[in-house]
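K.L.:
Let me begin by handing over the structure; questions about it come next.
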Amino acid sequence: MPLALTPATDAHRTFARDLTRRAMLPYYREYDLLWVEDAFDQSWSWREQWLVVEEGDVLGFCSLSQDAHALFIRELHLLPEQRGRGVGRWVLEELASWAAQRRLPLLRLMVFKNNPARRLYLRHGFVEMGADDCFIRMQRTLDGVA
């Protein structure tokens with residue numbers, strides 16, 4: 001599976017926003033949260049945006065930010081037909097490698113409490129660090145990074 005992360009451009013924003021909305025809207029409804037298109041669009045400019053591709057086909061996208069301690073996965077979404085193939089696992093390992101290359105000791109994310117992806121994160125070294133009404137904060141410590 002020759003997967004790659006390639007930079008997303010403004011031309012990919014509509015795809016990324018629509019994919020995110022389709023994936024997240026059931027959770028937003030369940031927790032009575034408001035989906036705001038403008039909030040997604042505003043974050044597009046200050047985050048790192050990456051496409052998940054395989055042999056030229058776009059399978060999904062991820063959105064990242066970082067601080068002095070962690071690479072933060074803000075969004076990670078795959079097309080429904082691409083789930084369950086190991087693509088998410090590959091992306092998580094690739095991002096852990098990126099964080100280590102950037103000398104960041106942590107990989108962090110937040111996930112809705114009832115999102116099945118939570119199990120994927122737990123299987124790949126993430127631990128739960130706290131919660132609020134609808135989200136769980138998770139992080140993975142990267143060995144050997146100081």
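For the structure tokens, the naming scheme is as follows: chains receive sequential letters (A, B, ...) according to their order of presentation, residues are indexed from 1 within each chain, and ligands are indexed from 1 in presentation order.
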Name all residues at most 8 Å from segment 38-50 of chain A (count only C-alpha atoms; drop same-chain ones fewer than 3 positions away) and give them as number ranges by chain.

P.N.:
A: 5-9, 13, 17, 61-65

K.L.:
With segment 135-142 of chain A as the partner and 6 Å as the cut-off, tabulate the residues of segment 22-129 of chain A that qualify, each row holding the nearest pair of atoms and their distance in Å to one decimal, using only C-alpha atoms, sorted by chain and rising number, as a tab-separated table.

P.N.:
residue	atom	partner	partner_atom	distance
A:Pro105	CA	A:Leu142	CA	5.2
A:Leu106	CA	A:Thr141	CA	4.8
A:Leu107	CA	A:Arg140	CA	5.1
A:Arg108	CA	A:Gln139	CA	4.2
A:Leu109	CA	A:Met138	CA	5.4
A:Met110	CA	A:Arg137	CA	4.5
A:Val111	CA	A:Ile136	CA	5.4
A:Phe112	CA	A:Phe135	CA	4.4
A:Lys113	CA	A:Phe135	CA	5.3
A:Gly125	CA	A:Arg140	CA	5.6
A:Phe126	CA	A:Arg140	CA	4.3
A:Val127	CA	A:Met138	CA	5.4
A:Glu128	CA	A:Met138	CA	4.5
A:Met129	CA	A:Met138	CA	5.3

K.L.:
Identify, with DSSP run on backbone atoms, the residues in segment 20-146 of chain A assigned to strand (DSSP E or B), and express the list as a PyMOL selection string.

P.N.:
chain A and resi 48-54+57-66+70-78+106-112+127-131+135-141

K.L.:
Store the residues picked out above, limited to N, CA and C atoms, as a tab-separated table (two decimals), in the first residue's frame.

P.N.:
chain	number	residue	atom	x	y	z
A	48	GLU	N	-1.65	23.11	9.45
A	48	GLU	CA	-1.05	22.33	8.36
A	48	GLU	C	-2.13	21.41	7.82
A	49	GLN	N	-2.32	21.40	6.52
A	49	GLN	CA	-3.35	20.58	5.89
A	49	GLN	C	-2.68	19.56	4.97
A	50	TRP	N	-3.04	18.30	5.14
A	50	TRP	CA	-2.41	17.22	4.38
A	50	TRP	C	-3.47	16.28	3.81
A	51	LEU	N	-3.25	15.85	2.59
A	51	LEU	CA	-4.10	14.84	1.97
A	51	LEU	C	-3.48	13.47	2.19
A	52	VAL	N	-4.32	12.48	2.44
A	52	VAL	CA	-3.89	11.09	2.49
A	52	VAL	C	-4.14	10.53	1.09
A	53	VAL	N	-3.07	10.12	0.41
A	53	VAL	CA	-3.20	9.67	-0.97
A	53	VAL	C	-2.57	8.29	-1.15
A	54	GLU	N	-3.10	7.58	-2.13
A	54	GLU	CA	-2.58	6.28	-2.52
A	54	GLU	C	-2.60	6.23	-4.04
A	57	ASP	N	-4.80	8.69	-5.77
A	57	ASP	CA	-6.18	8.80	-5.30
A	57	ASP	C	-6.21	9.39	-3.89
A	58	VAL	N	-7.07	10.37	-3.67
A	58	VAL	CA	-7.21	10.99	-2.36
A	58	VAL	C	-8.14	10.12	-1.52
A	59	LEU	N	-7.62	9.67	-0.37
A	59	LEU	CA	-8.36	8.80	0.53
A	59	LEU	C	-8.94	9.54	1.73
A	60	GLY	N	-8.38	10.73	2.02
A	60	GLY	CA	-8.82	11.48	3.18
A	60	GLY	C	-7.91	12.67	3.40
A	61	PHE	N	-7.99	13.23	4.60
A	61	PHE	CA	-7.14	14.37	4.92
A	61	PHE	C	-6.92	14.45	6.42
A	62	CYS	N	-5.84	15.15	6.78
A	62	CYS	CA	-5.61	15.45	8.19
A	62	CYS	C	-5.16	16.89	8.31
A	63	SER	N	-5.44	17.45	9.47
A	63	SER	CA	-5.14	18.83	9.79
A	63	SER	C	-4.35	18.84	11.08
A	64	LEU	N	-3.24	19.57	11.10
A	64	LEU	CA	-2.31	19.54	12.22
A	64	LEU	C	-1.99	20.93	12.73
A	65	SER	N	-1.62	21.00	13.99
A	65	SER	CA	-0.98	22.18	14.55
A	65	SER	C	0.07	21.68	15.54
A	66	GLN	N	0.89	22.57	16.01
A	66	GLN	CA	1.88	22.16	16.99
A	66	GLN	C	2.21	23.29	17.93
A	70	ALA	N	4.04	19.32	21.47
A	70	ALA	CA	3.23	18.29	20.81
A	70	ALA	C	2.84	18.66	19.39
A	71	LEU	N	2.70	17.62	18.59
A	71	LEU	CA	2.02	17.72	17.31
A	71	LEU	C	0.58	17.34	17.60
A	72	PHE	N	-0.35	18.19	17.22
A	72	PHE	CA	-1.75	18.01	17.55
A	72	PHE	C	-2.53	17.65	16.28
A	73	ILE	N	-3.18	16.50	16.30
A	73	ILE	CA	-4.03	16.09	15.18
A	73	ILE	C	-5.38	16.75	15.40
A	74	ARG	N	-5.66	17.78	14.62
A	74	ARG	CA	-6.92	18.51	14.74
A	74	ARG	C	-8.05	17.81	14.02
A	75	GLU	N	-7.75	17.22	12.88
A	75	GLU	CA	-8.74	16.46	12.10
A	75	GLU	C	-8.00	15.29	11.48
A	76	LEU	N	-8.68	14.17	11.39
A	76	LEU	CA	-8.19	13.01	10.63
A	76	LEU	C	-9.42	12.28	10.13
A	77	HIS	N	-9.65	12.38	8.83
A	77	HIS	CA	-10.86	11.80	8.25
A	77	HIS	C	-10.51	11.05	6.98
A	78	LEU	N	-11.11	9.88	6.84
A	78	LEU	CA	-10.96	9.06	5.64
A	78	LEU	C	-12.32	8.90	4.98
A	106	LEU	N	5.29	14.53	22.16
A	106	LEU	CA	3.90	14.09	22.27
A	106	LEU	C	3.15	14.24	20.96
A	107	LEU	N	2.23	13.32	20.74
A	107	LEU	CA	1.25	13.40	19.67
A	107	LEU	C	-0.10	13.46	20.38
A	108	ARG	N	-0.90	14.49	20.09
A	108	ARG	CA	-2.15	14.70	20.82
A	108	ARG	C	-3.34	14.81	19.88
A	109	LEU	N	-4.52	14.53	20.44
A	109	LEU	CA	-5.76	14.69	19.70
A	109	LEU	C	-6.92	14.72	20.67
A	110	MET	N	-8.07	15.10	20.15
A	110	MET	CA	-9.32	15.00	20.89
A	110	MET	C	-10.29	14.20	20.04
A	111	VAL	N	-11.12	13.41	20.70
A	111	VAL	CA	-12.07	12.56	19.98
A	111	VAL	C	-13.39	12.59	20.73
A	112	PHE	N	-14.50	12.55	19.98
A	112	PHE	CA	-15.79	12.43	20.64
A	112	PHE	C	-15.82	11.14	21.44
A	127	VAL	N	-3.15	7.43	25.24
A	127	VAL	CA	-3.80	7.26	26.54
A	127	VAL	C	-4.75	8.43	26.74
A	128	GLU	N	-5.80	8.16	27.50
A	128	GLU	CA	-6.77	9.20	27.78
A	128	GLU	C	-6.25	10.09	28.90
A	129	MET	N	-6.28	11.39	28.65
A	129	MET	CA	-5.71	12.35	29.59
A	129	MET	C	-6.77	13.18	30.31
A	130	GLY	N	-8.00	13.13	29.83
A	130	GLY	CA	-9.06	13.91	30.45
A	130	GLY	C	-10.25	13.96	29.53
A	131	ALA	N	-11.35	14.47	30.06
A	131	ALA	CA	-12.58	14.50	29.29
A	131	ALA	C	-13.44	15.69	29.70
A	135	PHE	N	-15.94	15.31	24.64
A	135	PHE	CA	-14.62	14.97	24.09
A	135	PHE	C	-13.72	14.26	25.10
A	136	ILE	N	-12.85	13.43	24.58
A	136	ILE	CA	-11.76	12.84	25.35
A	136	ILE	C	-10.45	13.38	24.79
A	137	ARG	N	-9.60	13.89	25.65
A	137	ARG	CA	-8.27	14.33	25.25
A	137	ARG	C	-7.32	13.14	25.36
A	138	MET	N	-6.56	12.90	24.31
A	138	MET	CA	-5.66	11.75	24.28
A	138	MET	C	-4.28	12.20	23.85
A	139	GLN	N	-3.27	11.44	24.28
A	139	GLN	CA	-1.92	11.72	23.83
A	139	GLN	C	-1.10	10.44	23.79
A	140	ARG	N	-0.10	10.49	22.95
A	140	ARG	CA	0.85	9.40	22.81
A	140	ARG	C	2.23	9.97	23.07
A	141	THR	N	2.96	9.39	23.99
A	141	THR	CA	4.32	9.80	24.28
A	141	THR	C	5.25	9.08	23.32

K.L.:
Work out how far apart atom CA of Arg89 of chain A and atom CA of Cys134 of chain A are and give it in Å to one decimal.

P.N.:
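Spanning atom CA of Arg89 of chain A to atom CA of Cys134 of chain A is a straight-line distance of 23.6 Å.
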
K.L.:
Using only C-alpha atoms, find the one residue out of A:Asn114, A:Arg21, A:Ala4, A:Gly56 that sits nearest to Val87 of chain A.

P.N.:
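Nearest candidate to Val87 of chain A out of A:Asn114, A:Arg21, A:Ala4, A:Gly56: A:Ala4.
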
K.L.:
Please list as a list in words every residue within 12 Å of Pro26 of chain A, counting only C-alpha atoms and excluding residues in the same chain fewer than 4 positions away.

P.N.:
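Final neighbour list, sorted by chain and number: Thr20, Arg21, Arg22, Glu30, Tyr31, Asp32, Leu33, Leu34, Trp35, Phe112, Asn114 and Asn115 of chain A.
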
K.L.:
Those selected residues, please, written with C-alpha atoms and delivered as a PDB file, in the first residue's frame.

P.N.:
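Printed below is out.pdb as written:
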ATOM      1  CA  THR A  20     -15.200  16.540   7.949  1.00  0.00           C
ATOM      2  CA  ARG A  21     -18.834  17.648   8.060  1.00  0.00           C
ATOM      3  CA  ARG A  22     -20.098  14.233   6.903  1.00  0.00           C
ATOM      4  CA  GLU A  30     -25.845  14.081  19.394  1.00  0.00           C
ATOM      5  CA  TYR A  31     -24.044  16.581  21.621  1.00  0.00           C
ATOM      6  CA  ASP A  32     -26.156  19.538  20.447  1.00  0.00           C
ATOM      7  CA  LEU A  33     -23.166  21.362  18.961  1.00  0.00           C
ATOM      8  CA  LEU A  34     -23.353  23.798  16.072  1.00  0.00           C
ATOM      9  CA  TRP A  35     -21.325  23.051  12.918  1.00  0.00           C
ATOM     10  CA  PHE A 112     -15.790  12.434  20.643  1.00  0.00           C
ATOM     11  CA  ASN A 114     -18.518   7.667  21.393  1.00  0.00           C
ATOM     12  CA  ASN A 115     -16.413   7.794  18.220  1.00  0.00           C
TER      13      ASN A 115
END

K.L.:
From a DSSP calculation on the backbone, collect every residue of segment 23-118 of chain A in helix (DSSP H, G or I) and output the set as an NGL selection string.

P.N.:
:A and (23-30 or 37-46 or 80-82 or 87-101 or 117-118)
